[in-house]
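Shown here: input-v3.pdb, PDB, C-alpha atoms.
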```pdb
ATOM      1  CA  MET A   1      -8.843  -3.596 -10.863  1.00  0.00           C
ATOM      2  CA  ALA A   2      -5.476  -4.338 -12.424  1.00  0.00           C
ATOM      3  CA  LEU A   3      -2.317  -4.529 -10.331  1.00  0.00           C
ATOM      4  CA  ILE A   4       0.344  -1.928 -11.063  1.00  0.00           C
ATOM      5  CA  HIS A   5       3.889  -3.290 -11.208  1.00  0.00           C
ATOM      6  CA  SER A   6       7.037  -1.268 -10.507  1.00  0.00           C
ATOM      7  CA  THR A   7       7.873  -1.474 -14.219  1.00  0.00           C
ATOM      8  CA  ASP A   8       4.514   0.035 -15.312  1.00  0.00           C
ATOM      9  CA  PRO A   9       4.521   3.648 -16.550  1.00  0.00           C
ATOM     10  CA  ASP A  10       1.895   4.660 -13.971  1.00  0.00           C
ATOM     11  CA  PHE A  11       3.757   3.162 -11.012  1.00  0.00           C
ATOM     12  CA  ARG A  12       4.774   5.938  -8.671  1.00  0.00           C
ATOM     13  CA  VAL A  13       5.727   6.566  -5.066  1.00  0.00           C
ATOM     14  CA  CYS A  14       4.951  10.016  -3.700  1.00  0.00           C
ATOM     15  CA  GLN A  15       5.370  11.810  -0.408  1.00  0.00           C
ATOM     16  CA  ILE A  16       2.414  14.039   0.408  1.00  0.00           C
ATOM     17  CA  SER A  17       1.378  16.273   3.283  1.00  0.00           C
ATOM     18  CA  PHE A  18      -1.273  15.439   5.844  1.00  0.00           C
ATOM     19  CA  GLU A  19      -3.410  18.215   4.322  1.00  0.00           C
ATOM     20  CA  THR A  20      -3.163  16.608   0.874  1.00  0.00           C
ATOM     21  CA  LEU A  21      -4.253  13.287   2.383  1.00  0.00           C
ATOM     22  CA  LEU A  22      -7.270  15.048   3.898  1.00  0.00           C
ATOM     23  CA  ALA A  23      -8.098  16.549   0.480  1.00  0.00           C
ATOM     24  CA  ILE A  24      -7.851  13.083  -1.113  1.00  0.00           C
ATOM     25  CA  GLN A  25     -10.153  11.751   1.628  1.00  0.00           C
ATOM     26  CA  ARG A  26     -12.710  14.492   0.955  1.00  0.00           C
ATOM     27  CA  GLU A  27     -12.612  13.756  -2.793  1.00  0.00           C
ATOM     28  CA  ALA A  28     -13.139  10.045  -2.101  1.00  0.00           C
ATOM     29  CA  GLU A  29     -16.097  10.883   0.167  1.00  0.00           C
ATOM     30  CA  GLU A  30     -17.643  13.130  -2.512  1.00  0.00           C
ATOM     31  CA  ARG A  31     -17.350  10.308  -5.058  1.00  0.00           C
ATOM     32  CA  SER A  32     -18.694   7.735  -2.552  1.00  0.00           C
ATOM     33  CA  TRP A  33     -15.631   5.556  -3.109  1.00  0.00           C
ATOM     34  CA  ALA A  34     -15.462   2.669  -0.661  1.00  0.00           C
ATOM     35  CA  THR A  35     -11.682   2.624  -0.328  1.00  0.00           C
ATOM     36  CA  ARG A  36     -11.159   5.493   2.090  1.00  0.00           C
ATOM     37  CA  TRP A  37     -11.585   6.293   5.771  1.00  0.00           C
ATOM     38  CA  SER A  38     -15.193   6.467   6.978  1.00  0.00           C
ATOM     39  CA  SER A  39     -14.717  10.212   7.549  1.00  0.00           C
ATOM     40  CA  ALA A  40     -12.087  12.929   7.758  1.00  0.00           C
ATOM     41  CA  GLU A  41     -12.452  12.728  11.536  1.00  0.00           C
ATOM     42  CA  ALA A  42     -11.691   8.994  11.455  1.00  0.00           C
ATOM     43  CA  LEU A  43      -8.576   9.751   9.391  1.00  0.00           C
ATOM     44  CA  ARG A  44      -7.502  12.396  11.927  1.00  0.00           C
ATOM     45  CA  ASN A  45      -7.996   9.865  14.744  1.00  0.00           C
ATOM     46  CA  GLN A  46      -5.729   7.313  13.050  1.00  0.00           C
ATOM     47  CA  VAL A  47      -3.105   9.290  11.120  1.00  0.00           C
ATOM     48  CA  LYS A  48      -0.578  11.501  12.889  1.00  0.00           C
ATOM     49  CA  GLU A  49      -0.070  14.866  11.204  1.00  0.00           C
ATOM     50  CA  GLY A  50       3.051  14.823   9.099  1.00  0.00           C
ATOM     51  CA  PRO A  51       4.309  13.449   5.792  1.00  0.00           C
ATOM     52  CA  VAL A  52       2.563  10.426   4.273  1.00  0.00           C
ATOM     53  CA  VAL A  53       3.903   8.162   1.530  1.00  0.00           C
ATOM     54  CA  LEU A  54       1.699   6.757  -1.257  1.00  0.00           C
ATOM     55  CA  GLN A  55       2.453   3.940  -3.679  1.00  0.00           C
ATOM     56  CA  ALA A  56       0.340   3.103  -6.709  1.00  0.00           C
ATOM     57  CA  LEU A  57      -1.101  -0.387  -6.229  1.00  0.00           C
ATOM     58  CA  MET A  58      -3.976  -0.830  -8.703  1.00  0.00           C
ATOM     59  CA  ARG A  59      -5.852   0.989 -11.452  1.00  0.00           C
ATOM     60  CA  GLU A  60      -9.571   0.782 -12.131  1.00  0.00           C
ATOM     61  CA  GLU A  61     -10.444   1.159 -15.793  1.00  0.00           C
ATOM     62  CA  ARG A  62     -13.822   1.719 -17.382  1.00  0.00           C
ATOM     63  CA  GLY A  63     -14.374   2.185 -21.079  1.00  0.00           C
ATOM     64  CA  GLY A  64     -10.623   2.185 -21.719  1.00  0.00           C
ATOM     65  CA  ALA A  65      -9.963   5.071 -19.309  1.00  0.00           C
ATOM     66  CA  VAL A  66      -8.592   4.981 -15.766  1.00  0.00           C
ATOM     67  CA  ARG A  67     -11.403   5.831 -13.342  1.00  0.00           C
ATOM     68  CA  ALA A  68      -9.330   5.647 -10.144  1.00  0.00           C
ATOM     69  CA  TYR A  69      -5.973   4.631  -8.737  1.00  0.00           C
ATOM     70  CA  ARG A  70      -5.869   2.585  -5.555  1.00  0.00           C
ATOM     71  CA  CYS A  71      -2.794   3.490  -3.554  1.00  0.00           C
ATOM     72  CA  LEU A  72      -1.132   2.130  -0.464  1.00  0.00           C
ATOM     73  CA  VAL A  73      -0.822   4.793   2.231  1.00  0.00           C
ATOM     74  CA  LEU A  74       2.068   4.505   4.699  1.00  0.00           C
ATOM     75  CA  PHE A  75       1.685   6.825   7.677  1.00  0.00           C
ATOM     76  CA  SER A  76       2.651   7.504  11.281  1.00  0.00           C
ATOM     77  CA  SER A  77      -0.110   6.342  13.573  1.00  0.00           C
ATOM     78  CA  THR A  78      -1.623   8.314  16.422  1.00  0.00           C
ATOM     79  CA  GLU A  79      -1.553   5.040  18.416  1.00  0.00           C
ATOM     80  CA  GLY A  80       2.067   5.287  19.525  1.00  0.00           C
ATOM     81  CA  LYS A  81       5.170   7.398  19.375  1.00  0.00           C
ATOM     82  CA  GLU A  82       6.903   5.235  16.751  1.00  0.00           C
ATOM     83  CA  ALA A  83       3.956   3.209  15.417  1.00  0.00           C
ATOM     84  CA  GLY A  84       3.023   3.294  11.767  1.00  0.00           C
ATOM     85  CA  GLY A  85       0.189   2.021   9.660  1.00  0.00           C
ATOM     86  CA  ILE A  86      -0.519   1.041   6.093  1.00  0.00           C
ATOM     87  CA  THR A  87      -3.861   1.005   4.301  1.00  0.00           C
ATOM     88  CA  THR A  88      -5.372   1.854   0.916  1.00  0.00           C
ATOM     89  CA  ILE A  89      -7.194   4.841  -0.543  1.00  0.00           C
ATOM     90  CA  ASP A  90      -8.566   5.599  -4.012  1.00  0.00           C
ATOM     91  CA  LEU A  91      -7.404   8.681  -5.917  1.00  0.00           C
ATOM     92  CA  ASP A  92      -8.789  10.532  -8.884  1.00  0.00           C
ATOM     93  CA  PRO A  93      -6.417  10.157 -11.891  1.00  0.00           C
ATOM     94  CA  THR A  94      -5.907  13.926 -12.167  1.00  0.00           C
ATOM     95  CA  ARG A  95      -4.893  14.158  -8.512  1.00  0.00           C
ATOM     96  CA  PHE A  96      -2.723  11.068  -8.871  1.00  0.00           C
ATOM     97  CA  THR A  97      -0.709  12.447 -11.799  1.00  0.00           C
ATOM     98  CA  SER A  98      -0.266  15.813 -10.059  1.00  0.00           C
ATOM     99  CA  LEU A  99       1.637  14.315  -7.107  1.00  0.00           C
ATOM    100  CA  GLU A 100       5.411  14.744  -6.999  1.00  0.00           C
ATOM    101  CA  ARG A 101       7.257  11.476  -7.492  1.00  0.00           C
ATOM    102  CA  LEU A 102      10.034  10.082  -5.292  1.00  0.00           C
ATOM    103  CA  ASP A 103      10.736   7.111  -7.566  1.00  0.00           C
ATOM    104  CA  ARG A 104      12.297   8.614 -10.693  1.00  0.00           C
ATOM    105  CA  ASP A 105      15.527   6.612 -10.327  1.00  0.00           C
ATOM    106  CA  PRO A 106      15.040   2.899 -11.208  1.00  0.00           C
ATOM    107  CA  ASP A 107      17.064   1.705  -8.195  1.00  0.00           C
ATOM    108  CA  VAL A 108      15.051   3.915  -5.850  1.00  0.00           C
ATOM    109  CA  ARG A 109      11.810   2.656  -7.448  1.00  0.00           C
ATOM    110  CA  THR A 110      12.863  -0.960  -6.831  1.00  0.00           C
ATOM    111  CA  ALA A 111      13.855  -0.256  -3.218  1.00  0.00           C
ATOM    112  CA  LEU A 112      10.633   1.614  -2.425  1.00  0.00           C
ATOM    113  CA  ALA A 113       8.500  -1.108  -4.049  1.00  0.00           C
ATOM    114  CA  ARG A 114      10.295  -3.693  -1.878  1.00  0.00           C
ATOM    115  CA  MET A 115       9.735  -1.623   1.287  1.00  0.00           C
ATOM    116  CA  PHE A 116       6.010  -1.362   0.578  1.00  0.00           C
ATOM    117  CA  SER A 117       5.864  -5.089  -0.118  1.00  0.00           C
ATOM    118  CA  LEU A 118       7.452  -5.816   3.256  1.00  0.00           C
ATOM    119  CA  ALA A 119       5.125  -3.350   4.995  1.00  0.00           C
ATOM    120  CA  THR A 120       1.973  -4.886   3.508  1.00  0.00           C
ATOM    121  CA  ASN A 121       3.067  -8.389   4.479  1.00  0.00           C
ATOM    122  CA  GLY A 122       4.018  -7.410   8.035  1.00  0.00           C
ATOM    123  CA  ILE A 123       7.189  -6.141   9.626  1.00  0.00           C
ATOM    124  CA  SER A 124       8.231  -7.070  13.150  1.00  0.00           C
ATOM    125  CA  MET A 125      11.152  -5.911  15.246  1.00  0.00           C
ATOM    126  CA  LEU A 126      13.247  -9.042  15.803  1.00  0.00           C
ATOM    127  CA  SER A 127      16.020  -9.797  18.256  1.00  0.00           C
ATOM    128  CA  LYS A 128      19.144 -11.161  16.624  1.00  0.00           C
ATOM    129  CA  GLN A 129      19.967 -14.798  17.398  1.00  0.00           C
TER     130      GLN A 129
END
```

Would you encode the structure as structure tokens?
Amino acid sequence: MALIHSTDPDFRVCQISFETLLAIQREAEERSWATRWSSAEALRNQVKEGPVVLQALMREERGGAVRAYRCLVLFSSTEGKEAGGITTIDLDPTRFTSLERLDRDPDVRTALARMFSLATNGISMLSKQ
């Protein structure tokens, strides 16, 4: 899989509904893709219903065509009132390109890419010194 950079044409950040995430999960199950939740029920147990944000992370190519996009998924967790989580899920290219983008402005794209980078490397609430 090749990393997708914020300057790549297929980089995108999208906000989707919980129902769309469930549909993506079902598609990943049907394709037996490993990068998904173990089941829709497992997803429901971990992800609080509400908006979810996706960011393109990697593309898998076979025979010169994109077979799947691996995306970071940023979501509210069912574990706590304010807790969130981040993980990955694979998307079909047709589904991926159909999602509405949040990152059309270059400055917004840069800011969102930075936020996802911080989230994947760990964010902690800190007391000021």

Residues matched by the PyMOL selection byres ((chain A and resi 49-56) around 7) as a VMD selection string:
chain A and resid 4 11 to 18 47 to 48 57 to 58 69 to 75

Produce a file of the selected residues containing C-alpha atoms, as an mmCIF file, keeping the file's coordinate frame.
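Ended up saving to result_9.cif:
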```
data_model
loop_
_atom_site.group_PDB
_atom_site.id
_atom_site.type_symbol
_atom_site.label_atom_id
_atom_site.label_comp_id
_atom_site.auth_asym_id
_atom_site.auth_seq_id
_atom_site.Cartn_x
_atom_site.Cartn_y
_atom_site.Cartn_z
ATOM 1 C CA ILE A 4 0.344 -1.928 -11.063
ATOM 2 C CA PHE A 11 3.757 3.162 -11.012
ATOM 3 C CA ARG A 12 4.774 5.938 -8.671
ATOM 4 C CA VAL A 13 5.727 6.566 -5.066
ATOM 5 C CA CYS A 14 4.951 10.016 -3.700
ATOM 6 C CA GLN A 15 5.370 11.810 -0.408
ATOM 7 C CA ILE A 16 2.414 14.039 0.408
ATOM 8 C CA SER A 17 1.378 16.273 3.283
ATOM 9 C CA PHE A 18 -1.273 15.439 5.844
ATOM 10 C CA VAL A 47 -3.105 9.290 11.120
ATOM 11 C CA LYS A 48 -0.578 11.501 12.889
ATOM 12 C CA LEU A 57 -1.101 -0.387 -6.229
ATOM 13 C CA MET A 58 -3.976 -0.830 -8.703
ATOM 14 C CA TYR A 69 -5.973 4.631 -8.737
ATOM 15 C CA ARG A 70 -5.869 2.585 -5.555
ATOM 16 C CA CYS A 71 -2.794 3.490 -3.554
ATOM 17 C CA LEU A 72 -1.132 2.130 -0.464
ATOM 18 C CA VAL A 73 -0.822 4.793 2.231
ATOM 19 C CA LEU A 74 2.068 4.505 4.699
ATOM 20 C CA PHE A 75 1.685 6.825 7.677
#
```

Non-local contacts of segment 108-123 of chain A (7 Å; all atoms listed in the file; under 3 positions in same chain excluded) as a count of residues only
5

Counting only C-alpha atoms, figure out which residue out of A:Ser76, A:Thr7, A:Thr87, A:Thr97 gets nearest to Thr35 of chain A.
A:Thr87

Cut-off 9 Å around (-7.4, 12.7, 4.9) with only C-alpha atoms: residues as an MDAnalysis selection string:
chainID A and resid 18:26 36:37 39:44 47

Given all atoms listed in the file as the basis, pick out the residue of A:Val66, A:Leu99, A:Met125, A:Met1 nearest to Ala83 of chain A.
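So, comparing all the options, the nearest one is A:Met125.
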
Within 8 Å of Gln46 of chain A using only C-alpha atoms, minus same-chain residues under 4 positions, as number ranges by chain
A: 42, 77-79

Take atom CA of Asp90 of chain A and atom CA of Ala28 of chain A and report the distance between them in Å, one decimal.
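Computing it gives 6.7 Å between the two atoms.
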
When you count only C-alpha atoms, which of these residues is closest to Ala68 of chain A: A:Lys128, A:Pro106, A:Gly84, A:Ala2?
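Answer, going by the shortest atom-to-atom distance: A:Ala2.
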
Counting all atoms listed in the file, which of A:Asp107, A:Asp8, A:Asp92, A:Glu82 gets nearest to Arg31 of chain A?
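For Arg31 of chain A, the nearest of the candidates is A:Asp92.
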
Straight-line distance linking atom CA of Asn45 of chain A with atom CA of Leu91 of chain A, stated in Å to one decimal:
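Atom-to-atom, atom CA of Asn45 of chain A to atom CA of Leu91 of chain A, that is 20.7 Å.
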
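Of note, atom CA of Glu100 of chain A and atom CA of Gly64 of chain A are spaced 25.1 Å apart.
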
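For the choices A:Pro9, A:Arg95, A:Gln129, A:Glu60, the atom-to-atom distance to Glu27 of chain A is smallest for A:Arg95 when using all atoms listed in the file.
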
Would you place a box with edges along x, y and z of the file around all atoms of segment 40-53 of chain A listed there, add 4 Å to each of its six sides, and report the centre and edge lengths in Å to one decimal, as lines of an AutoDock Vina configuration file?
```
center_x = -4.1
center_y = 11.1
center_z = 8.1
size_x = 24.8
size_y = 15.6
size_z = 21.2
```

Fill-in result for segment 1-27 of chain A, N, CA and C atoms as a tab-separated table (two decimals), in the frame of the given file:
```
chain	number	residue	atom	x	y	z
A	1	MET	N	-10.00	-4.46	-10.98
A	1	MET	CA	-8.84	-3.60	-10.86
A	1	MET	C	-7.60	-4.38	-11.26
A	2	ALA	N	-6.73	-3.73	-11.98
A	2	ALA	CA	-5.48	-4.34	-12.42
A	2	ALA	C	-4.33	-3.89	-11.51
A	3	LEU	N	-3.50	-4.86	-11.13
A	3	LEU	CA	-2.32	-4.53	-10.33
A	3	LEU	C	-1.35	-3.67	-11.14
A	4	ILE	N	-0.68	-2.76	-10.46
A	4	ILE	CA	0.34	-1.93	-11.06
A	4	ILE	C	1.69	-2.46	-10.58
A	5	HIS	N	2.56	-2.78	-11.52
A	5	HIS	CA	3.89	-3.29	-11.21
A	5	HIS	C	4.90	-2.15	-11.25
A	6	SER	N	6.03	-2.34	-10.58
A	6	SER	CA	7.04	-1.27	-10.51
A	6	SER	C	7.60	-0.91	-11.88
A	7	THR	N	7.40	-1.75	-12.86
A	7	THR	CA	7.87	-1.47	-14.22
A	7	THR	C	6.81	-0.77	-15.07
A	8	ASP	N	5.59	-0.62	-14.56
A	8	ASP	CA	4.51	0.04	-15.31
A	8	ASP	C	4.73	1.54	-15.35
A	9	PRO	N	4.32	2.20	-16.45
A	9	PRO	CA	4.52	3.65	-16.55
A	9	PRO	C	3.75	4.45	-15.50
A	10	ASP	N	2.65	3.91	-14.98
A	10	ASP	CA	1.90	4.66	-13.97
A	10	ASP	C	2.21	4.23	-12.54
A	11	PHE	N	3.28	3.43	-12.37
A	11	PHE	CA	3.76	3.16	-11.01
A	11	PHE	C	4.41	4.43	-10.50
A	12	ARG	N	4.11	4.80	-9.28
A	12	ARG	CA	4.77	5.94	-8.67
A	12	ARG	C	4.69	5.84	-7.16
A	13	VAL	N	5.70	6.42	-6.52
A	13	VAL	CA	5.73	6.57	-5.07
A	13	VAL	C	5.87	8.05	-4.81
A	14	CYS	N	4.99	8.57	-3.95
A	14	CYS	CA	4.95	10.02	-3.70
A	14	CYS	C	4.89	10.28	-2.20
A	15	GLN	N	5.54	11.33	-1.77
A	15	GLN	CA	5.37	11.81	-0.41
A	15	GLN	C	4.43	13.00	-0.46
A	16	ILE	N	3.40	12.96	0.38
A	16	ILE	CA	2.41	14.04	0.41
A	16	ILE	C	2.26	14.55	1.84
A	17	SER	N	1.63	15.69	1.96
A	17	SER	CA	1.38	16.27	3.28
A	17	SER	C	0.10	15.67	3.87
A	18	PHE	N	-0.05	15.85	5.15
A	18	PHE	CA	-1.27	15.44	5.84
A	18	PHE	C	-2.48	16.16	5.24
A	19	GLU	N	-2.31	17.43	4.92
A	19	GLU	CA	-3.41	18.22	4.32
A	19	GLU	C	-3.81	17.67	2.96
A	20	THR	N	-2.84	17.22	2.17
A	20	THR	CA	-3.16	16.61	0.87
A	20	THR	C	-3.92	15.31	1.09
A	21	LEU	N	-3.52	14.52	2.08
A	21	LEU	CA	-4.25	13.29	2.38
A	21	LEU	C	-5.70	13.60	2.76
A	22	LEU	N	-5.90	14.64	3.55
A	22	LEU	CA	-7.27	15.05	3.90
A	22	LEU	C	-8.07	15.45	2.65
A	23	ALA	N	-7.42	16.16	1.73
A	23	ALA	CA	-8.10	16.55	0.48
A	23	ALA	C	-8.46	15.32	-0.35
A	24	ILE	N	-7.57	14.33	-0.40
A	24	ILE	CA	-7.85	13.08	-1.11
A	24	ILE	C	-9.02	12.37	-0.45
A	25	GLN	N	-9.05	12.35	0.89
A	25	GLN	CA	-10.15	11.75	1.63
A	25	GLN	C	-11.48	12.43	1.30
A	26	ARG	N	-11.48	13.76	1.27
A	26	ARG	CA	-12.71	14.49	0.96
A	26	ARG	C	-13.19	14.18	-0.46
A	27	GLU	N	-12.24	14.10	-1.42
A	27	GLU	CA	-12.61	13.76	-2.79
A	27	GLU	C	-13.22	12.35	-2.85
```
